Every structure is written in C-alpha cells, then in structure tokens.
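Read the structure below first, then the notes.
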Amino acid sequence: MPQVFKIGSFVVFLWFAEGVPLEPIHVHVCEGVPTNNATKIWITKNHKTLLCHNKSNIPFHKLNTIMKIIEARASEIETKWKEYFGQLQYYC
C-alpha cells in the first residue's frame, strides 16, 4: 500500500486494489500497520473530507484532527492518487 504520509502513529495510505471501476478519491487511515479494515475518508472537489466509515475505531477527537490535516494536504493526496491510479474522480 502506498503510504501518503503519517500523522503521529497514524498512517494515511492508498489501498492497492480499489476495484473496477475505480472508486472516487479517498484515503485509508489506521494506527500502525495498514490493514484492509482501516478507516476510509473521501476527499471532495473542494478539498473537504467525508467519513465513509471508521472501521479502525479511531477516537473521534483524533479523527477530527486527522481529517483536518487530510483537508490541508488534499492536493498532495490528489497528486499521489493520479500517480498511482492514473485517473481521478470525486465522490462529490
């Protein structure tokens, strides 16, 4: 899984098998080693975040901070997404 960046002990990453057709841009977040049960966060066209699910059970006070950092670094995530998947679309 391509790591985009870390926030303390949390890893923000892209999942290598996003399916066909490719899902809209999003990241996965978990503490420690990336897993397929990581929290999923959509990124919108205006660089806001939407929580898809919190399967890794990140406490909400930490999750809010993580989502703000993801919003601030959305352009970086878009670049990594395009490099890795070759295309980009948004959830909304």
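Chain lettering (A, B, ...) mirrors the order of the structure tokens, residue numbering begins at 1 for each chain separately, and ligand numbering begins at 1 in order of display.
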
- So which residues of chain A fall under helix (DSSP H, G or I) by DSSP, listed as a VMD selection string? chain A and resid 60 to 72 74 to 85

- Please provide as a PyMOL selection string all residues within 12 Å of Phe60 in chain A, with the sequence filter that same-chain residues fewer than 6 positions apart are discarded (counting only C-alpha atoms). chain A and resi 39+51+53-54+66-67

Could you dump the residues just selected with N, CA and C atoms as a compact mmCIF listing (two decimals), in the first residue's frame?
# COMPACT_ATOMS: atom_id res chain seq x y z
N THR A 39 -9.94 2.85 8.53
CA THR A 39 -10.92 3.92 8.36
C THR A 39 -10.80 4.49 6.95
N LEU A 51 -16.36 11.28 6.08
CA LEU A 51 -16.06 9.98 6.66
C LEU A 51 -16.95 8.93 6.02
N HIS A 53 -16.36 5.42 6.66
CA HIS A 53 -16.54 4.55 7.83
C HIS A 53 -15.30 4.63 8.72
N ASN A 54 -15.47 4.23 9.95
CA ASN A 54 -14.38 4.26 10.93
C ASN A 54 -14.14 2.85 11.46
N ILE A 66 -7.24 14.41 12.34
CA ILE A 66 -6.72 13.73 11.16
C ILE A 66 -7.43 14.23 9.90
N MET A 67 -8.75 14.37 9.96
CA MET A 67 -9.50 14.84 8.80
C MET A 67 -9.12 16.27 8.42

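Candidate residues A:Ala38, A:Val27, A:Leu22, A:Leu88 were compared for distance to Pro2 in chain A, and the nearest is A:Val27, using only C-alpha atoms.
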
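Backbone DSSP assigns strand (DSSP E) in range 8-38 of chain A to Phe10, Val11, Val12, Phe13, His26, Val27, His28, Val29, Cys30 and Glu31 of chain A.
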
Written selection (all heavy atoms) as a PDB file, in the first residue's frame:
ATOM      1  N   PHE A  10      -0.445   7.393  13.228  1.00  0.00           N
ATOM      2  CA  PHE A  10      -1.444   7.024  12.223  1.00  0.00           C
ATOM      3  C   PHE A  10      -0.851   7.114  10.819  1.00  0.00           C
ATOM      4  O   PHE A  10      -0.169   8.065  10.483  1.00  0.00           O
ATOM      5  CB  PHE A  10      -2.676   7.925  12.323  1.00  0.00           C
ATOM      6  CG  PHE A  10      -3.449   7.705  13.589  1.00  0.00           C
ATOM      7  CD1 PHE A  10      -3.203   8.487  14.708  1.00  0.00           C
ATOM      8  CD2 PHE A  10      -4.403   6.710  13.673  1.00  0.00           C
ATOM      9  CE1 PHE A  10      -3.901   8.285  15.888  1.00  0.00           C
ATOM     10  CE2 PHE A  10      -5.108   6.492  14.846  1.00  0.00           C
ATOM     11  CZ  PHE A  10      -4.856   7.275  15.955  1.00  0.00           C
ATOM     12  N   VAL A  11      -1.149   6.109  10.004  1.00  0.00           N
ATOM     13  CA  VAL A  11      -0.684   6.052   8.625  1.00  0.00           C
ATOM     14  C   VAL A  11      -1.845   6.412   7.706  1.00  0.00           C
ATOM     15  O   VAL A  11      -2.948   5.873   7.846  1.00  0.00           O
ATOM     16  CB  VAL A  11      -0.179   4.630   8.276  1.00  0.00           C
ATOM     17  CG1 VAL A  11       0.298   4.568   6.840  1.00  0.00           C
ATOM     18  CG2 VAL A  11       0.916   4.200   9.232  1.00  0.00           C
ATOM     19  N   VAL A  12      -1.608   7.338   6.782  1.00  0.00           N
ATOM     20  CA  VAL A  12      -2.577   7.707   5.752  1.00  0.00           C
ATOM     21  C   VAL A  12      -2.066   7.067   4.464  1.00  0.00           C
ATOM     22  O   VAL A  12      -0.943   7.342   4.029  1.00  0.00           O
ATOM     23  CB  VAL A  12      -2.687   9.239   5.610  1.00  0.00           C
ATOM     24  CG1 VAL A  12      -3.651   9.612   4.498  1.00  0.00           C
ATOM     25  CG2 VAL A  12      -3.093   9.870   6.941  1.00  0.00           C
ATOM     26  N   PHE A  13      -2.882   6.192   3.861  1.00  0.00           N
ATOM     27  CA  PHE A  13      -2.389   5.428   2.725  1.00  0.00           C
ATOM     28  C   PHE A  13      -3.484   5.179   1.691  1.00  0.00           C
ATOM     29  O   PHE A  13      -4.670   5.383   1.948  1.00  0.00           O
ATOM     30  CB  PHE A  13      -1.795   4.088   3.197  1.00  0.00           C
ATOM     31  CG  PHE A  13      -2.776   3.155   3.853  1.00  0.00           C
ATOM     32  CD1 PHE A  13      -3.366   2.120   3.134  1.00  0.00           C
ATOM     33  CD2 PHE A  13      -3.120   3.298   5.191  1.00  0.00           C
ATOM     34  CE1 PHE A  13      -4.265   1.255   3.734  1.00  0.00           C
ATOM     35  CE2 PHE A  13      -4.006   2.436   5.811  1.00  0.00           C
ATOM     36  CZ  PHE A  13      -4.586   1.409   5.077  1.00  0.00           C
ATOM     37  N   HIS A  26     -10.032   8.795  -2.238  1.00  0.00           N
ATOM     38  CA  HIS A  26     -10.169   8.645  -0.790  1.00  0.00           C
ATOM     39  C   HIS A  26      -8.859   8.117  -0.221  1.00  0.00           C
ATOM     40  O   HIS A  26      -7.982   7.683  -0.974  1.00  0.00           O
ATOM     41  CB  HIS A  26     -11.312   7.683  -0.438  1.00  0.00           C
ATOM     42  CG  HIS A  26     -11.095   6.299  -0.928  1.00  0.00           C
ATOM     43  ND1 HIS A  26     -11.374   5.916  -2.228  1.00  0.00           N
ATOM     44  CD2 HIS A  26     -10.602   5.205  -0.315  1.00  0.00           C
ATOM     45  CE1 HIS A  26     -11.080   4.646  -2.378  1.00  0.00           C
ATOM     46  NE2 HIS A  26     -10.597   4.179  -1.225  1.00  0.00           N
ATOM     47  N   VAL A  27      -8.731   8.177   1.072  1.00  0.00           N
ATOM     48  CA  VAL A  27      -7.581   7.596   1.757  1.00  0.00           C
ATOM     49  C   VAL A  27      -8.073   6.659   2.844  1.00  0.00           C
ATOM     50  O   VAL A  27      -9.234   6.720   3.260  1.00  0.00           O
ATOM     51  CB  VAL A  27      -6.649   8.668   2.373  1.00  0.00           C
ATOM     52  CG1 VAL A  27      -5.951   9.476   1.291  1.00  0.00           C
ATOM     53  CG2 VAL A  27      -7.390   9.563   3.339  1.00  0.00           C
ATOM     54  N   HIS A  28      -7.184   5.809   3.275  1.00  0.00           N
ATOM     55  CA  HIS A  28      -7.426   4.922   4.403  1.00  0.00           C
ATOM     56  C   HIS A  28      -6.494   5.359   5.518  1.00  0.00           C
ATOM     57  O   HIS A  28      -5.369   5.805   5.261  1.00  0.00           O
ATOM     58  CB  HIS A  28      -7.137   3.475   4.005  1.00  0.00           C
ATOM     59  CG  HIS A  28      -7.999   2.999   2.883  1.00  0.00           C
ATOM     60  ND1 HIS A  28      -9.225   2.403   3.093  1.00  0.00           N
ATOM     61  CD2 HIS A  28      -7.836   3.054   1.545  1.00  0.00           C
ATOM     62  CE1 HIS A  28      -9.762   2.095   1.930  1.00  0.00           C
ATOM     63  NE2 HIS A  28      -8.937   2.480   0.973  1.00  0.00           N
ATOM     64  N   VAL A  29      -6.949   5.224   6.754  1.00  0.00           N
ATOM     65  CA  VAL A  29      -6.160   5.646   7.914  1.00  0.00           C
ATOM     66  C   VAL A  29      -6.253   4.576   8.988  1.00  0.00           C
ATOM     67  O   VAL A  29      -7.342   4.070   9.277  1.00  0.00           O
ATOM     68  CB  VAL A  29      -6.684   6.984   8.504  1.00  0.00           C
ATOM     69  CG1 VAL A  29      -5.834   7.434   9.675  1.00  0.00           C
ATOM     70  CG2 VAL A  29      -6.745   8.068   7.439  1.00  0.00           C
ATOM     71  N   CYS A  30      -5.113   4.232   9.557  1.00  0.00           N
ATOM     72  CA  CYS A  30      -5.096   3.325  10.699  1.00  0.00           C
ATOM     73  C   CYS A  30      -3.845   3.590  11.518  1.00  0.00           C
ATOM     74  O   CYS A  30      -2.926   4.267  11.067  1.00  0.00           O
ATOM     75  CB  CYS A  30      -5.174   1.866  10.265  1.00  0.00           C
ATOM     76  SG  CYS A  30      -3.732   1.279   9.408  1.00  0.00           S
ATOM     77  N   GLU A  31      -3.842   3.057  12.702  1.00  0.00           N
ATOM     78  CA  GLU A  31      -2.690   3.208  13.572  1.00  0.00           C
ATOM     79  C   GLU A  31      -1.784   2.005  13.355  1.00  0.00           C
ATOM     80  O   GLU A  31      -2.242   0.861  13.387  1.00  0.00           O
ATOM     81  CB  GLU A  31      -3.131   3.295  15.032  1.00  0.00           C
ATOM     82  CG  GLU A  31      -2.050   3.765  15.954  1.00  0.00           C
ATOM     83  CD  GLU A  31      -2.583   4.234  17.291  1.00  0.00           C
ATOM     84  OE1 GLU A  31      -3.707   3.850  17.673  1.00  0.00           O
ATOM     85  OE2 GLU A  31      -1.873   4.990  17.958  1.00  0.00           O
TER      86      GLU A  31
END

- Task: Find the residue from A:Gln3, A:Thr65, A:Asn36, A:Asn57 that sits nearest to Trp81 in chain A; use only C-alpha atoms when measuring.
- Result: A:Gln3

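Rounded to one decimal, CA of Asn46 in chain A and CA of Pro21 in chain A lie 22.6 Å from each other.
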
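Near Tyr84 in chain A, within 10 Å and counting only C-alpha atoms, sit Pro2, Leu14, Phe16 and Glu78 of chain A, not including residues fewer than 6 positions from it in the same chain.
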
- Message: Report, in Å to a single decimal, how far apart CA of Ile69 in chain A and CA of Pro24 in chain A are.
- Response: 19.3 Å

- Message: What's the separation between CA of Gly8 in chain A and CA of Gly86 in chain A, in Å to one decimal place?
- Response: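 We find that CA of Gly8 in chain A and CA of Gly86 in chain A lie 28.8 Å from each other.
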